[in-house]
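**Q** So here's upload.cif (mmCIF, C-alpha atoms).
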```cif
data_my_file
loop_
_atom_site.label_atom_id
_atom_site.label_comp_id
_atom_site.auth_asym_id
_atom_site.auth_seq_id
_atom_site.Cartn_x
_atom_site.Cartn_y
_atom_site.Cartn_z
CA MET Y 26 20.75 20.50 -5.26
CA ILE Y 27 19.22 19.38 -1.97
CA PRO Y 28 21.87 17.75 0.24
CA ILE Y 29 21.56 14.22 1.52
CA PHE Y 30 22.29 12.88 4.97
CA SER Y 31 21.88 9.55 6.72
CA ILE Y 32 20.18 8.42 9.91
CA THR Y 33 20.55 5.08 11.66
CA LEU Y 34 17.77 2.75 12.78
CA GLU Y 35 19.21 -0.79 12.67
CA THR Y 36 19.83 -0.06 8.99
CA VAL Y 37 21.17 3.12 7.34
CA TYR Y 38 18.59 5.24 5.55
CA SER Y 39 19.09 8.41 3.56
CA GLY Y 40 16.88 11.42 3.21
CA LEU Y 41 16.55 15.04 2.11
CA LEU Y 42 17.85 17.75 4.43
CA THR Y 43 15.33 20.46 3.64
CA PRO Y 44 14.08 22.66 6.52
CA GLY Y 45 10.78 20.78 6.52
CA CYS Y 46 12.46 17.38 6.55
CA ALA Y 47 14.92 18.42 9.26
CA LYS Y 48 11.94 19.45 11.39
CA GLN Y 49 10.33 16.05 10.86
CA TYR Y 50 13.56 14.20 11.77
CA HIS Y 51 13.99 16.32 14.91
CA ARG Y 52 10.44 15.58 16.01
CA ILE Y 53 10.72 11.83 15.40
CA TYR Y 54 14.27 11.12 16.58
CA VAL Y 55 15.07 13.87 19.09
CA THR Y 56 11.91 15.01 20.83
CA LYS Y 57 10.03 11.80 19.93
CA GLU Y 58 6.84 13.80 19.90
CA VAL Y 59 3.73 12.29 18.31
CA PRO Y 60 1.18 14.90 17.21
CA ALA Y 61 -2.26 14.38 18.69
CA ARG Y 62 -4.58 12.76 16.17
CA LYS Y 63 -7.11 15.44 15.25
CA TYR Y 64 -8.50 13.63 12.24
CA MET Y 65 -10.71 10.60 11.72
CA TYR Y 66 -9.48 7.40 10.10
CA HIS Y 67 -11.28 6.11 7.03
CA HIS Y 68 -13.13 3.38 8.94
CA GLU Y 69 -14.33 5.91 11.52
CA VAL Y 70 -15.89 8.03 8.80
CA LEU Y 71 -17.51 4.91 7.35
CA GLU Y 72 -19.14 3.91 10.63
CA GLY Y 73 -22.87 4.08 10.19
CA GLN Y 74 -22.55 4.33 6.41
CA GLN Y 75 -23.01 1.65 3.78
CA GLN Y 76 -19.44 0.59 3.05
CA GLU Y 77 -20.07 -1.68 0.07
CA SER Y 78 -22.45 0.61 -1.86
CA ASP Y 79 -21.15 -0.26 -5.32
CA LEU Y 80 -20.77 -4.03 -4.97
CA LYS Y 81 -23.88 -4.56 -7.08
CA SER Y 82 -22.69 -2.33 -9.92
CA VAL Y 83 -19.55 -3.64 -11.60
CA ASP Y 84 -18.69 -2.17 -15.00
CA ILE Y 85 -16.00 -4.37 -16.55
CA ARG Y 86 -15.03 -1.63 -18.98
CA TRP Y 87 -13.36 0.24 -16.13
CA ARG Y 88 -11.13 -2.07 -14.20
CA ILE Y 89 -7.83 -2.90 -12.55
CA VAL Y 90 -8.68 -6.29 -14.06
CA GLY Y 91 -12.39 -6.97 -13.70
CA GLY Y 92 -13.29 -4.12 -11.32
CA THR Y 93 -15.05 -0.76 -11.39
CA LYS Y 94 -14.11 2.91 -11.49
CA ILE Y 95 -14.63 4.79 -8.21
CA PRO Y 96 -14.16 8.36 -6.96
CA ILE Y 97 -11.20 8.99 -4.65
CA GLN Y 98 -13.70 9.78 -1.88
CA ASP Y 99 -14.46 6.05 -1.74
CA ALA Y 100 -10.78 5.24 -1.07
CA PRO Y 101 -9.22 8.51 0.18
CA TYR Y 102 -6.27 6.61 1.68
CA GLN Y 103 -5.13 5.63 -1.83
CA VAL Y 104 -2.05 7.54 -3.02
CA LEU Y 105 0.73 7.09 -5.57
CA HIS Y 106 4.37 6.45 -4.72
CA GLY Y 107 5.92 8.13 -7.72
CA LYS Y 108 3.62 7.73 -10.71
CA TYR Y 109 3.96 3.96 -11.14
CA CYS Y 110 3.27 2.37 -7.72
CA GLY Y 111 0.32 2.49 -5.38
CA ALA Y 112 0.56 3.25 -1.66
CA ALA Y 113 -1.60 3.93 1.38
CA LEU Y 114 -1.73 6.99 3.63
CA ILE Y 115 -1.46 5.84 7.28
CA ALA Y 116 -0.90 9.31 8.80
CA PRO Y 117 -0.81 12.79 7.23
CA GLU Y 118 3.00 12.58 6.93
CA TRP Y 119 3.44 8.79 6.56
CA VAL Y 120 2.79 6.50 3.60
CA ILE Y 121 3.30 2.74 3.29
CA THR Y 122 4.06 0.93 0.02
CA ALA Y 123 5.92 -2.16 -1.19
CA ALA Y 124 9.69 -2.44 -0.74
CA HIS Y 125 10.04 -3.41 -4.40
CA CYS Y 126 8.69 0.00 -5.45
CA ASN Y 127 11.47 2.44 -6.39
CA PRO Y 128 13.11 3.78 -3.17
CA LYS Y 129 14.46 6.77 -5.10
CA GLU Y 130 11.09 8.30 -5.94
CA THR Y 131 10.93 11.96 -4.91
CA HIS Y 132 7.19 12.51 -4.47
CA VAL Y 133 3.96 10.94 -3.26
CA TYR Y 134 0.85 12.00 -5.18
CA ALA Y 135 -2.60 12.29 -3.62
CA GLY Y 136 -6.01 13.92 -3.66
CA SER Y 137 -7.73 13.09 -6.95
CA THR Y 138 -9.66 10.34 -8.71
CA HIS Y 139 -7.60 11.20 -11.78
CA ARG Y 140 -3.99 10.06 -11.67
CA SER Y 141 -3.06 13.03 -13.86
CA LEU Y 142 -4.54 15.54 -11.39
CA THR Y 143 -3.03 14.24 -8.16
CA ILE Y 144 -0.91 16.69 -6.12
CA GLY Y 145 2.74 15.93 -5.39
CA TYR Y 146 4.23 15.93 -1.87
CA LEU Y 147 8.01 15.83 -1.39
CA ILE Y 148 9.46 12.70 0.20
CA CYS Y 149 11.97 13.16 3.04
CA ALA Y 150 13.07 9.54 3.43
CA HIS Y 151 12.36 5.94 2.49
CA PHE Y 152 12.49 3.22 5.16
CA ILE Y 153 12.83 -0.24 3.61
CA HIS Y 154 12.19 -3.13 5.98
CA PRO Y 155 15.67 -4.31 7.13
CA MET Y 156 14.86 -7.92 6.19
CA TRP Y 157 13.91 -7.11 2.59
CA ASN Y 158 16.10 -9.01 0.13
CA VAL Y 159 18.38 -10.50 2.80
CA THR Y 160 16.91 -14.00 2.57
CA ASP Y 161 17.42 -16.44 -0.28
CA ARG Y 162 16.00 -15.72 -3.72
CA GLN Y 163 13.11 -18.11 -3.20
CA HIS Y 164 11.71 -15.55 -0.79
CA SER Y 165 12.44 -12.51 -2.96
CA HIS Y 166 9.15 -10.82 -2.01
CA ASP Y 167 9.35 -11.55 1.71
CA TYR Y 168 9.24 -8.44 3.94
CA ASP Y 169 7.90 -6.38 1.03
CA TYR Y 170 7.35 -3.22 3.08
CA GLN Y 171 8.49 0.37 2.66
CA LEU Y 172 7.58 3.38 4.81
CA VAL Y 173 7.80 6.88 3.36
CA LEU Y 174 8.13 10.10 5.38
CA LEU Y 175 6.84 13.32 3.78
CA GLU Y 176 8.25 16.81 4.18
CA ASN Y 177 4.80 18.28 4.78
CA PRO Y 178 1.66 16.47 5.95
CA ILE Y 179 -1.03 15.85 3.36
CA PRO Y 180 -4.09 17.89 4.42
CA VAL Y 181 -6.80 15.52 5.64
CA SER Y 182 -10.03 15.87 3.70
CA SER Y 183 -12.64 13.81 1.86
CA VAL Y 184 -10.07 13.14 -0.89
CA ALA Y 185 -7.08 12.33 1.33
CA ARG Y 186 -7.63 10.53 4.61
CA PRO Y 187 -5.37 8.12 6.57
CA ILE Y 188 -6.41 4.53 7.03
CA ALA Y 189 -5.95 2.54 10.22
CA ILE Y 190 -4.08 -0.77 10.16
CA GLY Y 191 -6.18 -3.86 10.80
CA ASN Y 192 -5.32 -6.89 12.93
CA VAL Y 193 -3.63 -10.17 12.04
CA GLY Y 194 -6.97 -11.83 12.78
CA ASP Y 195 -8.60 -9.86 9.95
CA VAL Y 196 -6.72 -11.92 7.34
CA VAL Y 197 -9.24 -14.76 7.12
CA PRO Y 198 -9.72 -17.12 4.14
CA GLY Y 199 -12.96 -16.36 2.33
CA THR Y 200 -13.09 -12.73 3.46
CA MET Y 201 -13.75 -10.29 0.61
CA VAL Y 202 -11.11 -7.56 0.38
CA SER Y 203 -11.00 -4.32 -1.56
CA ILE Y 204 -7.99 -3.55 -3.81
CA THR Y 205 -7.59 -0.17 -5.51
CA GLY Y 206 -5.18 1.40 -7.97
CA TRP Y 207 -4.47 3.08 -11.28
CA GLY Y 208 -2.68 0.04 -12.72
CA HIS Y 209 -2.81 -1.71 -16.08
CA LEU Y 210 -5.89 -3.48 -17.46
CA ALA Y 211 -3.87 -6.39 -18.84
CA PHE Y 212 -0.38 -7.80 -18.33
CA LYS Y 213 2.10 -6.05 -20.68
CA LYS Y 214 -0.75 -5.06 -23.01
CA SER Y 215 -1.99 -1.86 -21.46
CA LYS Y 216 -0.83 1.24 -19.57
CA MET Y 217 -1.45 3.03 -16.29
CA GLN Y 218 -5.03 4.25 -16.05
CA ASP Y 219 -6.10 7.81 -15.27
CA LEU Y 220 -9.22 6.86 -13.30
CA LEU Y 221 -9.02 5.05 -9.96
CA GLN Y 222 -10.28 1.45 -10.06
CA ARG Y 223 -11.39 -1.06 -7.42
CA ILE Y 224 -11.98 -4.80 -7.27
CA TYR Y 225 -13.27 -7.13 -4.57
CA VAL Y 226 -11.66 -10.55 -4.28
CA PRO Y 227 -11.63 -13.27 -1.59
CA ILE Y 228 -8.64 -14.21 0.56
CA ILE Y 229 -7.39 -17.73 -0.22
CA ALA Y 230 -6.06 -20.01 2.51
CA THR Y 231 -2.25 -20.10 2.45
CA GLU Y 232 -2.17 -23.90 2.52
CA ASP Y 233 -4.32 -23.91 -0.64
CA CYS Y 234 -2.17 -21.25 -2.30
CA LYS Y 235 0.98 -23.29 -1.67
CA THR Y 236 -0.44 -26.19 -3.69
CA ILE Y 237 -0.57 -24.10 -6.88
CA ALA Y 238 1.82 -25.38 -9.54
CA HIS Y 239 4.32 -22.54 -9.51
CA ASN Y 240 7.45 -22.18 -7.36
CA SER Y 241 6.55 -18.63 -6.29
CA TYR Y 242 3.63 -19.96 -4.24
CA ASN Y 243 5.58 -22.78 -2.64
CA PHE Y 244 7.73 -20.38 -0.63
CA MET Y 245 5.08 -18.12 0.86
CA THR Y 246 5.72 -16.92 4.42
CA VAL Y 247 3.51 -15.64 7.23
CA ARG Y 248 4.15 -12.15 5.90
CA MET Y 249 2.17 -12.94 2.75
CA PHE Y 250 -1.36 -13.97 1.82
CA CYS Y 251 -3.13 -14.86 -1.44
CA ALA Y 252 -6.35 -13.35 -2.73
CA GLY Y 253 -8.26 -13.69 -5.97
CA TYR Y 254 -10.45 -15.95 -8.07
CA ILE Y 255 -9.27 -19.29 -9.42
CA ASP Y 256 -10.79 -18.44 -12.83
CA GLY Y 257 -8.66 -15.29 -12.98
CA SER Y 258 -11.60 -12.94 -13.58
CA LYS Y 259 -10.35 -10.24 -11.20
CA ASP Y 260 -6.85 -9.28 -10.07
CA SER Y 261 -4.41 -6.47 -9.41
CA CYS Y 262 -1.88 -5.77 -12.17
CA GLN Y 263 1.25 -3.80 -13.13
CA GLY Y 264 1.23 -0.35 -11.58
CA ASP Y 265 -0.92 -1.49 -8.65
CA SER Y 266 2.18 -2.64 -6.70
CA GLY Y 267 2.27 -1.29 -3.17
CA GLY Y 268 -1.41 -0.43 -3.32
CA PRO Y 269 -3.78 -1.01 -0.39
CA VAL Y 270 -5.75 -4.15 0.39
CA VAL Y 271 -8.60 -3.24 2.72
CA VAL Y 272 -11.27 -4.99 4.77
CA ASN Y 273 -13.89 -3.21 6.91
CA GLY Y 274 -12.23 0.12 6.16
CA LYS Y 275 -8.83 -0.96 7.55
CA LEU Y 276 -5.53 -1.76 5.83
CA ILE Y 277 -4.45 -5.41 5.91
CA GLY Y 278 -2.23 -5.77 2.85
CA LEU Y 279 -0.15 -4.31 0.03
CA VAL Y 280 -0.03 -5.52 -3.56
CA SER Y 281 3.21 -7.53 -3.71
CA PHE Y 282 3.43 -9.88 -6.73
CA GLY Y 283 1.57 -12.13 -9.11
CA ILE Y 284 2.09 -14.40 -12.10
CA GLY Y 285 0.78 -12.26 -14.96
CA CYS Y 286 -2.53 -10.49 -14.26
CA ALA Y 287 -5.86 -12.27 -13.78
CA THR Y 288 -4.26 -15.54 -14.92
CA PRO Y 289 -6.38 -18.62 -14.10
CA ASN Y 290 -5.02 -20.56 -11.10
CA LYS Y 291 -2.52 -17.77 -10.37
CA PRO Y 292 -3.99 -15.50 -7.63
CA GLY Y 293 -2.24 -12.35 -6.47
CA VAL Y 294 0.06 -12.36 -3.44
CA TYR Y 295 -0.04 -9.54 -0.88
CA ALA Y 296 2.21 -8.35 1.92
CA ASN Y 297 0.54 -8.84 5.32
CA VAL Y 298 0.63 -5.37 6.92
CA PRO Y 299 -0.72 -6.15 10.43
CA PHE Y 300 2.05 -8.74 10.87
CA VAL Y 301 4.71 -6.00 10.92
CA ARG Y 302 2.84 -3.50 13.09
CA PRO Y 303 5.72 -3.44 15.65
CA TRP Y 304 8.19 -2.40 12.93
CA ILE Y 305 5.84 0.28 11.60
CA ARG Y 306 5.34 1.61 15.13
CA LYS Y 307 9.09 1.62 15.79
CA VAL Y 308 9.93 3.58 12.63
CA THR Y 309 7.07 6.07 12.70
CA GLY Y 310 6.47 6.44 16.42
CA LEU Y 311 2.75 6.37 15.67
CA PRO Y 312 0.46 4.98 18.41
CA LEU Y 313 -0.86 2.20 16.20
#
```
Please, can you express the file's structure as structure tokens?

**A**
Amino acid sequence: MIPIFSITLETVYSGLLTPGCAKQYHRIYVTKEVPARKYMYHHEVLEGQQQESDLKSVDIRWRIVGGTKIPIQDAPYQVLHGKYCGAALIAPEWVITAAHCNPKETHVYAGSTHRSLTIGYLICAHFIHPMWNVTDRQHSHDYDYQLVLLENPIPVSSVARPIAIGNVGDVVPGTMVSITGWGHLAFKKSKMQDLLQRIYVPIIATEDCKTIAHNSYNFMTVRMFCAGYIDGSKDSCQGDSGGPVVVNGKLIGLVSFGIGCATPNKPGVYANVPFVRPWIRKVTGLPL
């Protein structure tokens, strides 16, 4: 059995003490070295290319809920945290997902359009945001962030490429965002899909979202934003949790929670990633 040890960073975290993980911890916490970035981010590869090439071709037979199937090359930052949560690759050895996704998962899976063919990478440690679940229950999805350190970096290629984090100013009502995942097609009536899916939905103004007749929306914070269609035609669903929300090739959100899936007048709620950039930088040491 692989031994466990703890490290301290405002909160106690635990991780695997394999040779590879020990090397990662030493680099991050002792030498504080940050490897030079020798790869291109997703948005840098997209520059000069048509980013929304499939917007005009939506096949509702292949959907998160109301979306289209895509090859992993179109969203190479998309990975799995375990086999039942989405996540985003932000550096070859760092992944971000939702805090409510299982912090005891042992592997991140990446590199294939097919969920069943993704390759597993051992997790060294999970870093849950220290404010997760410390507020009252009305804010149970506040600070829904989890960083994951890998034993070995995921090789950067056309099927696995880190995504840069956007800016707070990118979260603008009306902006169309991309959401990807292998999640269910319907709430409690389906199963995880094998082919990667994508939808495009608009961001909804927080003040409008708070007027929706459900308590979950009344207690939204600045670390959340709503996105979706009022008619419920498109949405993320079970199994998409922690998955990336992207605009202009940059990460701005993570799938956090919703009321059912694609339910009319119940848009999805997403964790605002740019808002916690300082915390991500502090944990990872990345020059974000």

**Q** With the PyMOL selection byres ((chain Y and resi 206) around 6) as the selection, what would be picked from this file? Answer as a PyMOL selection string, please.

**A** chain Y and resi 205+207-208+221-222+265

**Q** Export C-alpha atoms of the chosen residues as a PDB file, in the frame of the given file?

**A**
```
ATOM      1  CA  THR Y 205      -7.590  -0.170  -5.510  1.00  0.00           C
ATOM      2  CA  TRP Y 207      -4.470   3.080 -11.280  1.00  0.00           C
ATOM      3  CA  GLY Y 208      -2.680   0.040 -12.720  1.00  0.00           C
ATOM      4  CA  LEU Y 221      -9.020   5.050  -9.960  1.00  0.00           C
ATOM      5  CA  GLN Y 222     -10.280   1.450 -10.060  1.00  0.00           C
ATOM      6  CA  ASP Y 265      -0.920  -1.490  -8.650  1.00  0.00           C
TER       7      ASP Y 265
END
```

**Q** With distances taken over only C-alpha atoms, which residue among Y:Val271, Y:Val247, Y:Leu220, Y:Ala116 lies nearest Y:Val59?

**A**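 So, comparing all the options, the nearest one is Y:Ala116.
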
**Q** Tell me which of Y:Ile224, Y:Met156, Y:Leu311, Y:Ile229 sits closest to Y:Thr93, counting all atoms listed in the file.

**A**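 Of Y:Ile224, Y:Met156, Y:Leu311, Y:Ile229, the one nearest Y:Thr93, counting all atoms listed in the file, is Y:Ile224.
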
**Q** What would the selection look like, as a ChimeraX atom specification, if the PyMOL selection byres ((chain Y and resi 201) around 6) were run on the coordinates I just shared?

**A** /Y:200,202,226-227

**Q** Measure the distance from atom CA of Y:Gln171 to atom CA of Y:Ala123 in Å and round it to one decimal.

**A**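 Answer for the atom CA of Y:Gln171 to atom CA of Y:Ala123 separation: 5.3 Å.
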
**Q** Could you expand the PyMOL selection byres ((chain Y and resi 176-180) around 10) into the explicit residues it covers here, written as an NGL selection string?

**A** :Y and (41-50 or 64 or 114 or 116-119 or 132-136 or 144-150 or 173-175 or 181-187)

**Q** Produce a file of the selected residues containing C-alpha atoms, as a PDB file, keeping the file's coordinate frame.

**A**
```pdb
ATOM      1  CA  LEU Y  41      16.550  15.040   2.110  1.00  0.00           C
ATOM      2  CA  LEU Y  42      17.850  17.750   4.430  1.00  0.00           C
ATOM      3  CA  THR Y  43      15.330  20.460   3.640  1.00  0.00           C
ATOM      4  CA  PRO Y  44      14.080  22.660   6.520  1.00  0.00           C
ATOM      5  CA  GLY Y  45      10.780  20.780   6.520  1.00  0.00           C
ATOM      6  CA  CYS Y  46      12.460  17.380   6.550  1.00  0.00           C
ATOM      7  CA  ALA Y  47      14.920  18.420   9.260  1.00  0.00           C
ATOM      8  CA  LYS Y  48      11.940  19.450  11.390  1.00  0.00           C
ATOM      9  CA  GLN Y  49      10.330  16.050  10.860  1.00  0.00           C
ATOM     10  CA  TYR Y  50      13.560  14.200  11.770  1.00  0.00           C
ATOM     11  CA  TYR Y  64      -8.500  13.630  12.240  1.00  0.00           C
ATOM     12  CA  LEU Y 114      -1.730   6.990   3.630  1.00  0.00           C
ATOM     13  CA  ALA Y 116      -0.900   9.310   8.800  1.00  0.00           C
ATOM     14  CA  PRO Y 117      -0.810  12.790   7.230  1.00  0.00           C
ATOM     15  CA  GLU Y 118       3.000  12.580   6.930  1.00  0.00           C
ATOM     16  CA  TRP Y 119       3.440   8.790   6.560  1.00  0.00           C
ATOM     17  CA  HIS Y 132       7.190  12.510  -4.470  1.00  0.00           C
ATOM     18  CA  VAL Y 133       3.960  10.940  -3.260  1.00  0.00           C
ATOM     19  CA  TYR Y 134       0.850  12.000  -5.180  1.00  0.00           C
ATOM     20  CA  ALA Y 135      -2.600  12.290  -3.620  1.00  0.00           C
ATOM     21  CA  GLY Y 136      -6.010  13.920  -3.660  1.00  0.00           C
ATOM     22  CA  ILE Y 144      -0.910  16.690  -6.120  1.00  0.00           C
ATOM     23  CA  GLY Y 145       2.740  15.930  -5.390  1.00  0.00           C
ATOM     24  CA  TYR Y 146       4.230  15.930  -1.870  1.00  0.00           C
ATOM     25  CA  LEU Y 147       8.010  15.830  -1.390  1.00  0.00           C
ATOM     26  CA  ILE Y 148       9.460  12.700   0.200  1.00  0.00           C
ATOM     27  CA  CYS Y 149      11.970  13.160   3.040  1.00  0.00           C
ATOM     28  CA  ALA Y 150      13.070   9.540   3.430  1.00  0.00           C
ATOM     29  CA  VAL Y 173       7.800   6.880   3.360  1.00  0.00           C
ATOM     30  CA  LEU Y 174       8.130  10.100   5.380  1.00  0.00           C
ATOM     31  CA  LEU Y 175       6.840  13.320   3.780  1.00  0.00           C
ATOM     32  CA  VAL Y 181      -6.800  15.520   5.640  1.00  0.00           C
ATOM     33  CA  SER Y 182     -10.030  15.870   3.700  1.00  0.00           C
ATOM     34  CA  SER Y 183     -12.640  13.810   1.860  1.00  0.00           C
ATOM     35  CA  VAL Y 184     -10.070  13.140  -0.890  1.00  0.00           C
ATOM     36  CA  ALA Y 185      -7.080  12.330   1.330  1.00  0.00           C
ATOM     37  CA  ARG Y 186      -7.630  10.530   4.610  1.00  0.00           C
ATOM     38  CA  PRO Y 187      -5.370   8.120   6.570  1.00  0.00           C
TER      39      PRO Y 187
END
```
